[in-house]
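S.K.: Dropping in my_file.csv, which is CSV, C-alpha atoms:
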```
chain,number,residue,atom,x,y,z
A,289,MET,CA,-24.9,71.9,6.1
A,290,LEU,CA,-22.8,70.6,3.2
A,291,PHE,CA,-19.8,70.5,5.5
A,292,LEU,CA,-21.5,68.4,8.2
A,293,PRO,CA,-19.9,65.0,8.8
A,294,TRP,CA,-21.6,62.1,7.2
A,295,GLN,CA,-21.0,58.3,7.9
A,296,GLN,CA,-21.0,56.3,4.7
A,297,THR,CA,-22.6,52.9,5.0
A,298,ALA,CA,-23.1,49.8,2.9
A,299,ARG,CA,-26.7,48.6,3.5
A,300,GLY,CA,-27.8,45.0,3.4
A,301,THR,CA,-30.8,42.9,4.4
A,302,GLY,CA,-30.9,39.4,5.6
A,303,ARG,CA,-31.9,37.2,8.5
A,304,VAL,CA,-30.7,35.7,11.8
A,305,ILE,CA,-28.9,32.3,11.5
A,306,ALA,CA,-26.9,30.1,13.8
A,307,PHE,CA,-23.2,30.8,13.5
A,308,VAL,CA,-22.2,27.1,13.6
A,309,PRO,CA,-23.6,25.4,10.5
A,310,GLN,CA,-24.4,22.2,12.4
A,311,GLU,CA,-26.7,24.2,14.7
A,312,ARG,CA,-28.9,25.5,11.8
A,313,GLN,CA,-32.2,24.1,10.8
A,314,GLN,CA,-31.8,20.6,9.5
A,315,THR,CA,-34.2,18.0,8.1
A,316,VAL,CA,-34.0,14.3,9.0
A,317,THR,CA,-34.9,11.9,6.1
A,318,SER,CA,-35.9,8.3,5.9
A,319,PRO,CA,-33.0,5.9,5.4
A,320,ILE,CA,-35.2,3.3,3.7
A,321,ASP,CA,-38.6,2.6,2.1
A,322,GLY,CA,-40.6,1.8,5.2
A,323,ILE,CA,-43.7,2.1,7.3
A,324,VAL,CA,-44.0,4.3,10.4
A,325,ARG,CA,-44.5,1.9,13.3
A,326,TRP,CA,-44.3,4.3,16.2
A,327,VAL,CA,-44.2,8.0,16.8
A,328,LYS,CA,-43.3,9.6,20.2
A,329,PRO,CA,-46.6,10.0,22.0
A,330,GLY,CA,-47.8,13.6,22.2
A,331,LEU,CA,-45.1,15.0,20.0
A,332,ARG,CA,-46.2,18.2,18.3
A,333,GLU,CA,-44.5,20.9,16.2
A,334,GLY,CA,-42.7,23.3,18.5
A,335,ASP,CA,-42.0,20.7,21.2
A,336,LYS,CA,-38.5,20.7,22.7
A,337,VAL,CA,-36.4,17.6,22.3
A,338,LYS,CA,-33.0,16.4,23.6
A,339,GLN,CA,-30.3,14.9,21.5
A,340,GLY,CA,-30.8,11.2,21.4
A,341,ASP,CA,-34.6,11.3,22.1
A,342,VAL,CA,-36.4,8.7,20.0
A,343,ILE,CA,-38.7,10.5,17.6
A,344,LEU,CA,-40.1,7.6,15.7
A,345,GLU,CA,-39.5,4.0,14.5
A,346,LEU,CA,-39.8,2.5,11.0
A,347,VAL,CA,-40.2,-1.0,9.8
A,348,PRO,CA,-39.3,-2.2,6.3
A,349,VAL,CA,-42.0,-2.4,3.6
A,350,ALA,CA,-41.0,-5.9,2.7
A,351,THR,CA,-41.8,-8.3,5.5
A,352,GLY,CA,-39.0,-10.7,6.4
A,353,LEU,CA,-36.4,-8.7,4.5
A,354,LYS,CA,-34.1,-8.6,7.5
A,355,ASP,CA,-34.2,-12.4,8.0
A,356,GLN,CA,-33.7,-12.9,4.2
A,357,LEU,CA,-30.6,-10.7,4.3
A,358,GLU,CA,-29.2,-12.5,7.3
A,359,SER,CA,-29.7,-15.8,5.6
A,360,GLN,CA,-28.0,-14.6,2.4
A,361,ILE,CA,-25.1,-13.4,4.5
A,362,ARG,CA,-24.7,-16.7,6.2
A,363,GLU,CA,-24.8,-18.6,2.8
A,364,LEU,CA,-22.1,-16.2,1.4
A,365,LYS,CA,-19.9,-16.7,4.5
A,366,THR,CA,-20.2,-20.5,4.1
A,367,LYS,CA,-19.3,-20.1,0.4
A,368,LEU,CA,-16.4,-17.9,1.5
A,369,ASP,CA,-15.1,-20.6,3.8
A,370,ALA,CA,-15.2,-23.2,1.0
A,371,ILE,CA,-13.3,-20.8,-1.3
A,372,ALA,CA,-10.7,-20.2,1.4
A,373,LEU,CA,-10.3,-24.0,1.7
A,374,LYS,CA,-9.8,-24.4,-2.1
A,375,GLU,CA,-7.4,-21.5,-2.1
A,376,GLN,CA,-5.4,-23.2,0.6
A,377,VAL,CA,-5.3,-26.5,-1.4
A,378,TYR,CA,-4.2,-24.7,-4.5
A,379,ARG,CA,-1.5,-22.9,-2.6
A,380,GLN,CA,-0.2,-26.2,-1.2
A,381,ASN,CA,-0.3,-27.6,-4.8
A,382,VAL,CA,1.9,-24.7,-5.9
A,383,THR,CA,4.4,-25.6,-3.2
A,384,ASP,CA,4.3,-29.3,-4.0
A,385,PHE,CA,4.6,-28.8,-7.7
A,386,GLU,CA,7.5,-26.4,-7.2
A,387,ALA,CA,9.3,-29.0,-5.0
A,388,ALA,CA,8.6,-31.8,-7.6
A,389,ARG,CA,9.9,-29.5,-10.3
A,390,ASP,CA,13.1,-28.9,-8.5
A,391,TYR,CA,13.6,-32.6,-7.8
A,392,ALA,CA,12.9,-33.6,-11.4
A,393,VAL,CA,15.1,-30.8,-12.8
A,394,GLN,CA,17.9,-31.8,-10.5
A,395,ALA,CA,17.6,-35.5,-11.5
A,396,ALA,CA,17.5,-34.6,-15.2
A,397,GLN,CA,20.5,-32.3,-14.7
A,398,GLU,CA,22.5,-35.1,-13.1
A,399,MET,CA,21.7,-37.2,-16.2
A,400,VAL,CA,22.9,-34.5,-18.4
A,401,ASN,CA,26.1,-34.2,-16.3
A,402,SER,CA,26.6,-37.9,-16.6
A,403,ALA,CA,26.2,-37.9,-20.4
A,404,VAL,CA,28.6,-34.9,-20.6
A,405,ALA,CA,31.2,-36.8,-18.5
A,406,LYS,CA,30.8,-39.9,-20.7
A,407,LEU,CA,31.2,-37.8,-23.8
A,408,LYS,CA,34.4,-36.2,-22.4
A,409,ALA,CA,35.8,-39.7,-21.6
A,410,LYS,CA,35.1,-40.9,-25.2
A,411,GLN,CA,36.6,-37.8,-26.6
A,412,LYS,CA,39.8,-38.4,-24.6
A,413,LEU,CA,40.3,-41.8,-26.4
A,414,ILE,CA,40.3,-40.3,-29.9
A,415,PRO,CA,43.9,-39.0,-29.7
A,416,GLY,CA,45.1,-42.5,-28.8
A,417,TYR,CA,43.3,-44.2,-31.7
A,418,GLU,CA,44.6,-41.5,-34.0
A,419,ALA,CA,48.2,-42.0,-32.8
A,420,LYS,CA,47.8,-45.8,-33.2
A,421,LEU,CA,46.6,-45.4,-36.8
A,422,HIS,CA,49.3,-43.0,-37.6
A,423,GLN,CA,52.0,-45.4,-36.3
A,424,ALA,CA,50.5,-48.3,-38.1
A,425,LYS,CA,50.6,-46.2,-41.4
A,426,LEU,CA,54.2,-45.3,-40.8
A,427,ASN,CA,55.2,-48.9,-40.2
A,428,TYR,CA,53.3,-50.0,-43.2
A,429,ALA,CA,54.9,-47.4,-45.4
A,430,ARG,CA,58.4,-48.2,-44.2
A,431,PHE,CA,58.0,-51.9,-44.5
A,432,SER,CA,56.5,-51.5,-48.0
A,433,THR,CA,59.7,-49.7,-49.1
A,434,LEU,CA,61.9,-52.4,-47.6
A,435,GLU,CA,59.8,-55.1,-49.2
A,436,LYS,CA,60.4,-53.5,-52.6
A,437,GLY,CA,64.1,-53.6,-51.9
A,438,GLY,CA,64.0,-57.2,-51.0
A,439,PHE,CA,64.7,-56.6,-47.4
A,440,ARG,CA,61.3,-57.6,-46.0
A,441,ALA,CA,59.0,-60.5,-46.7
A,442,GLU,CA,55.6,-59.9,-48.3
A,443,ARG,CA,53.9,-61.6,-45.4
A,444,GLU,CA,55.2,-59.0,-42.9
A,445,VAL,CA,53.9,-56.2,-45.1
A,446,GLU,CA,50.5,-57.8,-45.3
A,447,GLU,CA,50.5,-58.1,-41.5
A,448,LEU,CA,51.2,-54.4,-41.2
A,449,LYS,CA,48.5,-53.6,-43.7
A,450,ARG,CA,46.0,-55.5,-41.5
A,451,ASN,CA,47.2,-53.5,-38.5
A,452,VAL,CA,46.5,-50.3,-40.4
A,453,ASP,CA,43.0,-51.5,-41.2
A,454,VAL,CA,42.3,-52.5,-37.6
A,455,ALA,CA,43.5,-49.1,-36.3
A,456,GLU,CA,41.3,-47.3,-38.8
A,457,ALA,CA,38.3,-49.5,-37.7
A,458,ASP,CA,39.1,-48.7,-34.1
A,459,LEU,CA,39.3,-45.0,-34.7
A,460,HIS,CA,35.9,-45.0,-36.6
A,461,ALA,CA,34.3,-47.0,-33.8
A,462,ALA,CA,35.6,-44.4,-31.3
A,463,LEU,CA,34.4,-41.5,-33.4
A,464,GLU,CA,30.9,-43.2,-33.6
A,465,GLU,CA,30.9,-43.6,-29.8
A,466,VAL,CA,31.7,-39.9,-29.4
A,467,ALA,CA,28.9,-39.0,-31.8
A,468,SER,CA,26.5,-41.2,-29.9
A,469,ALA,CA,27.6,-39.6,-26.6
A,470,GLU,CA,27.0,-36.1,-28.1
A,471,PHE,CA,23.5,-37.2,-29.2
A,472,GLU,CA,22.9,-38.6,-25.7
A,473,VAL,CA,24.0,-35.2,-24.2
A,474,LYS,CA,21.5,-33.3,-26.4
A,475,SER,CA,18.8,-35.9,-25.6
A,476,LYS,CA,19.4,-35.5,-21.9
A,477,GLU,CA,19.4,-31.7,-22.2
A,478,GLN,CA,16.0,-31.8,-24.1
A,479,GLU,CA,14.6,-34.1,-21.4
A,480,LEU,CA,15.8,-31.6,-18.8
A,481,GLU,CA,14.0,-28.8,-20.5
A,482,GLN,CA,10.9,-30.9,-21.0
A,483,LYS,CA,10.8,-31.7,-17.3
A,484,ARG,CA,11.3,-28.1,-16.4
A,485,ARG,CA,8.5,-26.9,-18.7
A,486,GLU,CA,6.1,-29.8,-17.7
A,487,PHE,CA,6.4,-29.1,-14.0
A,488,GLN,CA,6.4,-25.3,-14.5
A,489,THR,CA,3.1,-25.7,-16.4
A,490,LYS,CA,1.6,-27.5,-13.4
A,491,VAL,CA,2.9,-24.8,-11.0
A,492,ASP,CA,1.4,-22.1,-13.2
A,493,MET,CA,-1.9,-23.8,-13.4
A,494,ALA,CA,-2.1,-24.3,-9.7
A,495,ARG,CA,-1.1,-20.7,-9.1
A,496,ALA,CA,-3.8,-19.6,-11.6
A,497,TYR,CA,-6.4,-21.7,-9.8
A,498,GLN,CA,-5.3,-20.1,-6.5
A,499,GLN,CA,-5.6,-16.6,-7.9
A,500,GLU,CA,-9.0,-17.4,-9.3
A,501,GLN,CA,-10.1,-18.4,-5.8
A,502,VAL,CA,-8.6,-15.2,-4.4
A,503,SER,CA,-10.6,-13.2,-6.9
A,504,GLU,CA,-13.8,-15.1,-6.2
A,505,ALA,CA,-13.3,-14.6,-2.5
A,506,ALA,CA,-12.9,-10.8,-3.0
A,507,SER,CA,-16.2,-10.8,-5.0
A,508,VAL,CA,-18.0,-12.7,-2.3
A,509,ARG,CA,-16.6,-10.4,0.4
A,510,LYS,CA,-18.0,-7.4,-1.6
A,511,ASP,CA,-21.4,-9.1,-1.8
A,512,ILE,CA,-21.3,-9.7,1.9
A,513,ALA,CA,-20.4,-6.0,2.6
A,514,ASP,CA,-23.2,-4.8,0.4
A,515,LEU,CA,-25.7,-7.0,2.2
A,516,GLU,CA,-24.4,-6.0,5.6
A,517,ILE,CA,-24.8,-2.3,4.6
A,518,LYS,CA,-28.4,-3.0,3.7
A,519,LEU,CA,-28.9,-4.9,7.0
A,520,GLN,CA,-27.4,-2.0,8.9
A,521,GLU,CA,-29.8,0.3,7.2
A,522,LEU,CA,-32.7,-1.9,8.3
A,523,GLN,CA,-31.3,-1.9,11.9
A,524,GLN,CA,-31.1,1.9,11.9
A,525,LEU,CA,-34.9,2.2,11.9
A,526,THR,CA,-35.0,4.0,15.2
A,527,ILE,CA,-34.9,7.7,14.3
A,528,ILE,CA,-33.5,10.0,17.0
A,529,ALA,CA,-33.1,13.7,17.5
A,530,PRO,CA,-29.6,14.7,16.2
A,531,ARG,CA,-29.4,17.7,18.5
A,532,ASP,CA,-31.1,19.6,21.3
A,533,GLY,CA,-33.8,21.8,19.8
A,534,SER,CA,-37.4,22.1,18.8
A,535,ILE,CA,-39.5,20.3,16.3
A,536,PHE,CA,-40.1,22.7,13.4
A,537,ARG,CA,-42.0,20.5,11.0
A,538,LEU,CA,-43.5,17.0,11.6
A,539,PRO,CA,-45.2,16.0,8.3
A,540,LEU,CA,-46.2,12.5,9.7
A,541,TYR,CA,-49.9,12.5,10.5
A,542,GLU,CA,-50.5,8.9,11.5
A,543,GLN,CA,-48.8,5.6,12.2
A,544,SER,CA,-48.6,3.0,9.4
A,545,GLN,CA,-47.9,5.8,7.0
A,546,THR,CA,-45.6,4.7,4.2
A,547,VAL,CA,-42.5,6.7,3.5
A,548,LYS,CA,-39.9,6.5,0.7
A,549,LYS,CA,-36.2,6.5,1.1
A,550,GLY,CA,-35.0,10.1,1.3
A,551,GLU,CA,-38.4,11.5,2.2
A,552,ASP,CA,-38.6,14.1,5.0
A,553,LEU,CA,-39.5,12.7,8.4
A,554,PHE,CA,-39.2,15.9,10.5
A,555,THR,CA,-37.3,19.2,10.7
A,556,ILE,CA,-35.5,20.3,13.8
A,557,VAL,CA,-34.2,23.7,14.8
A,558,PRO,CA,-31.2,23.1,17.1
A,559,THR,CA,-30.8,25.1,20.2
A,560,THR,CA,-27.8,27.6,19.9
A,561,ASN,CA,-26.3,30.4,21.8
A,562,GLU,CA,-24.1,31.6,19.0
A,563,LEU,CA,-26.2,33.6,16.6
A,564,ALA,CA,-25.1,35.4,13.5
A,565,VAL,CA,-26.8,37.5,10.8
A,566,GLU,CA,-26.3,36.9,7.1
A,567,LEU,CA,-26.7,40.1,5.1
A,568,TRP,CA,-27.0,40.4,1.3
A,569,VAL,CA,-25.3,43.4,-0.1
A,570,THR,CA,-24.9,44.6,-3.7
A,571,GLY,CA,-21.9,44.0,-5.9
A,572,LEU,CA,-21.3,47.8,-5.8
A,573,ASP,CA,-20.6,47.7,-2.1
A,574,VAL,CA,-19.1,44.3,-1.5
A,575,PRO,CA,-15.5,45.3,-2.7
A,576,LEU,CA,-15.5,47.9,0.1
A,577,ILE,CA,-16.4,45.5,2.9
A,578,GLN,CA,-13.6,43.7,4.8
A,579,PRO,CA,-13.6,41.3,7.8
A,580,ASN,CA,-13.9,43.0,11.2
A,581,ASP,CA,-15.7,46.0,9.7
A,582,HIS,CA,-18.2,47.4,12.2
A,583,VAL,CA,-21.9,46.9,11.5
A,584,ARG,CA,-25.1,48.3,13.0
A,585,LEU,CA,-28.1,45.9,13.0
A,586,GLN,CA,-31.8,46.4,13.3
A,587,PHE,CA,-33.8,43.3,14.1
A,588,GLU,CA,-37.5,42.8,13.1
A,589,GLY,CA,-39.6,43.1,16.2
A,590,TRP,CA,-37.2,45.4,18.1
A,591,PRO,CA,-38.3,49.1,17.7
A,592,ALA,CA,-35.4,51.2,16.4
A,593,VAL,CA,-34.7,54.6,14.9
A,594,GLN,CA,-31.9,54.7,12.5
A,595,PHE,CA,-30.6,58.0,11.3
A,596,ALA,CA,-28.7,57.4,8.0
A,597,GLY,CA,-25.3,59.0,8.2
A,598,TRP,CA,-25.4,59.5,11.9
A,599,PRO,CA,-25.2,56.0,13.6
A,600,SER,CA,-24.2,57.6,16.9
A,601,VAL,CA,-27.7,58.9,17.4
A,602,ALA,CA,-29.5,55.7,16.3
A,603,VAL,CA,-31.8,54.0,18.9
A,604,GLY,CA,-32.6,50.3,19.2
A,605,THR,CA,-29.8,49.0,16.9
A,606,PHE,CA,-27.2,46.4,17.8
A,607,GLY,CA,-23.5,46.3,17.0
A,608,GLY,CA,-21.7,43.6,15.1
A,609,ARG,CA,-18.6,42.9,13.0
A,610,VAL,CA,-18.1,41.1,9.7
A,611,VAL,CA,-16.5,37.6,10.0
A,612,ALA,CA,-17.0,36.2,6.5
A,613,ILE,CA,-17.7,37.4,2.9
A,614,ASP,CA,-18.8,34.9,0.2
A,615,ASP,CA,-16.6,34.7,-2.9
A,616,SER,CA,-19.6,34.4,-5.3
A,617,ASP,CA,-23.0,35.9,-5.6
A,618,ASP,CA,-26.4,34.4,-5.2
A,619,GLY,CA,-27.0,34.4,-9.0
A,620,GLU,CA,-28.7,37.8,-8.8
A,621,GLY,CA,-25.7,40.0,-8.2
A,622,LYS,CA,-25.9,40.0,-4.4
A,623,PHE,CA,-23.2,38.8,-2.0
A,624,ARG,CA,-23.6,37.3,1.4
A,625,ILE,CA,-21.7,38.6,4.5
A,626,GLN,CA,-21.9,37.0,8.0
A,627,VAL,CA,-22.0,39.2,11.1
A,628,ILE,CA,-21.5,38.3,14.7
A,629,PRO,CA,-21.9,40.4,17.9
A,630,ASP,CA,-19.2,42.8,18.8
A,631,LYS,CA,-19.5,41.7,22.4
A,632,GLN,CA,-20.9,38.5,23.9
A,633,GLY,CA,-24.4,39.2,25.2
A,634,GLU,CA,-24.9,42.5,23.3
A,635,TRP,CA,-27.7,41.0,21.2
A,636,PRO,CA,-31.0,39.7,22.5
A,637,GLU,CA,-31.0,36.2,23.9
A,638,SER,CA,-31.7,33.3,21.5
A,639,ASN,CA,-35.0,32.6,23.2
A,640,TYR,CA,-36.2,36.0,21.9
A,641,LEU,CA,-34.0,36.4,18.8
A,642,ARG,CA,-34.9,33.3,16.8
A,643,GLN,CA,-33.3,31.9,13.7
A,644,GLY,CA,-35.0,33.4,10.6
A,645,VAL,CA,-35.8,36.8,12.1
A,646,ARG,CA,-35.3,39.4,9.4
A,647,ALA,CA,-32.6,42.0,9.9
A,648,ASN,CA,-31.3,45.2,8.3
A,649,GLY,CA,-27.7,46.1,8.5
A,650,TRP,CA,-25.4,49.0,7.8
A,651,VAL,CA,-21.7,48.3,7.4
A,652,LEU,CA,-19.9,51.5,8.5
A,653,LEU,CA,-17.4,52.8,6.0
A,654,GLN,CA,-15.7,56.3,5.7
A,655,GLN,CA,-16.8,59.5,7.4
A,656,VAL,CA,-17.1,62.3,4.8
A,657,SER,CA,-18.9,65.5,4.5
A,658,LEU,CA,-22.6,65.7,3.5
A,659,GLY,CA,-21.7,67.7,0.4
A,660,TYR,CA,-19.3,64.9,-0.8
A,661,GLU,CA,-22.0,62.3,-0.1
A,662,LEU,CA,-24.6,64.2,-2.2
A,663,TRP,CA,-22.0,64.6,-5.0
A,664,ARG,CA,-21.2,60.9,-4.9
A,665,LEU,CA,-24.8,59.9,-5.1
A,666,MET,CA,-25.6,62.2,-8.0
A,667,ASN,CA,-22.6,60.7,-9.9
A,668,GLY,CA,-23.3,57.1,-8.9
A,669,PHE,CA,-19.9,56.6,-7.3
A,670,PRO,CA,-19.4,53.9,-4.7
A,671,PRO,CA,-18.7,54.8,-1.0
A,672,ALA,CA,-15.1,55.0,0.3
A,673,ARG,CA,-13.2,52.6,2.5
A,674,PRO,CA,-12.5,53.7,6.1
A,675,ASP,CA,-8.7,53.6,5.3
A,676,ALA,CA,-9.1,55.8,2.3
A,677,ASP,CA,-6.8,58.9,2.1
A,678,PRO,CA,-8.8,61.9,3.4
A,679,LYS,CA,-6.8,64.3,1.2
A,680,LYS,CA,-7.8,62.4,-1.9
A,681,LEU,CA,-11.4,62.5,-0.8
A,682,LYS,CA,-11.2,66.3,-0.2
A,683,ALA,CA,-9.5,66.8,-3.5
A,684,SER,CA,-12.2,64.8,-5.3
A,685,MET,CA,-15.0,67.1,-3.9
A,686,PRO,CA,-16.4,69.7,-6.2
A,687,PRO,CA,-16.2,73.3,-5.2
A,688,VAL,CA,-19.3,74.4,-3.3
A,689,LYS,CA,-20.7,77.9,-3.7
A,690,VAL,CA,-22.7,79.3,-0.8
A,691,SER,CA,-25.1,82.1,-1.9
```
Here is a file; write its structure as structure tokens.

M.R.:
Amino acid sequence: MLFLPWQQTARGTGRVIAFVPQERQQTVTSPIDGIVRWVKPGLREGDKVKQGDVILELVPVATGLKDQLESQIRELKTKLDAIALKEQVYRQNVTDFEAARDYAVQAAQEMVNSAVAKLKAKQKLIPGYEAKLHQAKLNYARFSTLEKGGFRAEREVEELKRNVDVAEADLHAALEEVASAEFEVKSKEQELEQKRREFQTKVDMARAYQQEQVSEAASVRKDIADLEIKLQELQQLTIIAPRDGSIFRLPLYEQSQTVKKGEDLFTIVPTTNELAVELWVTGLDVPLIQPNDHVRLQFEGWPAVQFAGWPSVAVGTFGGRVVAIDDSDDGEGKFRIQVIPDKQGEWPESNYLRQGVRANGWVLLQQVSLGYELWRLMNGFPPARPDADPKKLKASMPPVKVS
């Protein structure tokens, strides 16, 4: 008997679930603090409902809250219009101040150019006055020498001396005019800079006021959006069935019942034709399980006879294959795998096989001898993968003595 074939398995327990997460049991909660105004007549737990069916209606706890929110939104929109008008005025002010700045700077620049031209004209006269003074000094020196030799009269020398004094006076006057023109150029340049800064300050202030209005408009829009969200929540007080299914829990026992935001209103089990089984297996077995591994399942309520090690002679079990394996455990060292039918229609129909039915499963691994399996269990070794090397398995078996 030790050489009889034995099918190794990884056993797990779990329950039937919907394969699509959106078709699993889901609870609808209250979107606001409100009062139950209307419940669908005759609705009981277990009743079938269609997607979009009205289950119940709520009204806000605060009376007139909807009208109050609508009034606040209208006031904020009026304020937003006023802010937009101010922002438009400040934007126009920026444009006007920029144009006035350009005109003022251009006029001041022309004044600077005029002062510079006047300065250059004055500077051009200086060489002439200097030449005139130089010639007057030469004439005076020459005639002074001749006067000492008795060749020129004293009166003529005195006349030349006056000419020298006049030339010097004219040169000094011209130099003063040049200095005055230079001062005027500096004054016009300072006036130009003053005009530029003065109008730029006005432009910057107008732009700052404009940006302030833009910021305030954004704040008002945010307030409007928040109020509109609250208003939409109040308008979504008609609670409908999210999917086709049956009412699983209906904790509302009467109309006028007060509910809090987030409180459960009802639980629905959606109708589904795609069932799966979630099995929990130990950490010892989960490394050996791979997607598409074959699984034999036993559902609670379906009589079955399962012979461990010989699945071919099992009765009342159903086939499946692994489609997903969780990367983390449940906190107690067990890992979840999801199993779907091998073939469509092989499992019982969803009308009979309901979500939540408990199930046992055996993931089929390597086929070994009964002797190896007993030796493995006594030593606490894990099972083997189906793709394990049979030679290594045979080599790892202890010698068996038959008496």

S.K.: Taking all atoms listed in the file into account, which of A:Ser638, A:Ser544, A:Gln310, A:Asn648 comes nearest Phe587 of chain A?

M.R.: A:Asn648

S.K.: Determine, counting all atoms listed in the file, which protein, DNA and RNA residues have an atom within 8 Å of an atom of Glu375 of chain A; residues of the same chain fewer than 2 positions away are not included. Present the result as a list in words.

M.R.: Ile371, Ala372, Leu373, Val377, Tyr378, Arg379, Tyr497, Gln498, Gln499, Gln501 and Val502 of chain A

S.K.: Fewer than 4 positions away in the same chain doesn't count, so skip those; otherwise give me all residues within 10 Å of segment 445-456 of chain A, counting all atoms listed in the file, as an NGL selection string.

M.R.: :A and (417-435 or 440-441 or 460-462)

S.K.: Measuring atom to atom with only C-alpha atoms, identify which of A:Gln643, A:Thr526, A:Gln339, A:Asn580 is nearest to Ala612 of chain A.

M.R.: A:Asn580

S.K.: Find the residues near Pro636 of chain A: any atom within 10 Å, counting only C-alpha atoms, skip ones fewer than 3 places away on the same chain, and give them as a PyMOL selection string.

M.R.: chain A and resi 563+587+590+606+633+639-642

S.K.: Would you kindly return, as a list in words, each protein, DNA or RNA residue with an atom no farther than 6 Å from any atom of segment 620-623 of chain A, considering only C-alpha atoms and excluding same-chain residues fewer than 2 positions away?

M.R.: Trp568, Val569, Thr570, Gly571, Asp617 and Asp618 of chain A

S.K.: Can you work out the spacing between atom CA of Glu500 of chain A and atom CA of Lys374 of chain A in Å, to one decimal?

M.R.: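 Distance reported for this atom pair: 10.1 Å.
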
S.K.: Nearest residue to Leu538 of chain A out of A:Val316, A:Ile628, A:Val393, A:Ala469, using all atoms listed in the file?

M.R.: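 When distances to Leu538 of chain A are compared using all atoms listed in the file, the smallest one comes from A:Val316.
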
S.K.: Could you give me, as number ranges by chain, the residues that sit within 12 Å of (-45.4, 16.0, 18.2) in the file's coordinates, counting all atoms listed in the file?

M.R.: A: 326-337, 342-344, 534-542, 553-556

S.K.: Here is a test: counting all atoms listed in the file, which residue of A:Ser402, A:Glu472, A:Leu525, A:Gln397 is nearest to Lys549 of chain A?

M.R.: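 Checking each candidate against Lys549 of chain A, we get A:Leu525 as the closest.
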
S.K.: I'd like the neighbourhood of Leu585 of chain A as number ranges by chain, where a residue qualifies if any of its atoms comes within 7 Å (using only C-alpha atoms), though same-chain residues fewer than 5 positions away should be ignored.

M.R.: A: 605-607, 647-650

S.K.: What would the file look like if the residues just selected were written as a CSV table (one decimal), in the frame of the given file with C-alpha atoms?

M.R.:
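Done, and the output landed in selection-v1.csv:
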```csv
chain,number,residue,atom,x,y,z
A,605,THR,CA,-29.8,49.0,16.9
A,606,PHE,CA,-27.2,46.4,17.8
A,607,GLY,CA,-23.5,46.3,17.0
A,647,ALA,CA,-32.6,42.0,9.9
A,648,ASN,CA,-31.3,45.2,8.3
A,649,GLY,CA,-27.7,46.1,8.5
A,650,TRP,CA,-25.4,49.0,7.8
```

S.K.: Counting all atoms listed in the file, which residue out of A:Val611, A:Val645, A:Leu480, A:Leu652 sits closest to Arg584 of chain A?

M.R.: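 Of the candidates, the smallest distance to Arg584 of chain A is held by A:Leu652.
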
S.K.: What is the atom CA of Glu465 of chain A to atom CA of Lys410 of chain A distance in Å?

M.R.: 6.8 Å

S.K.: Could you jot down the atom CA of Thr559 of chain A to atom CA of Lys338 of chain A separation for me, Å, one decimal place?

M.R.: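 Those two atoms sit 9.6 Å apart.
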
S.K.: Between A:Asp532, A:Glu516, A:Glu562, A:Asp614, which one has atoms that come closest to Ile577 of chain A, using only C-alpha atoms?

M.R.: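 Looking at the shortest contact to Ile577 of chain A, the residue is A:Asp614.
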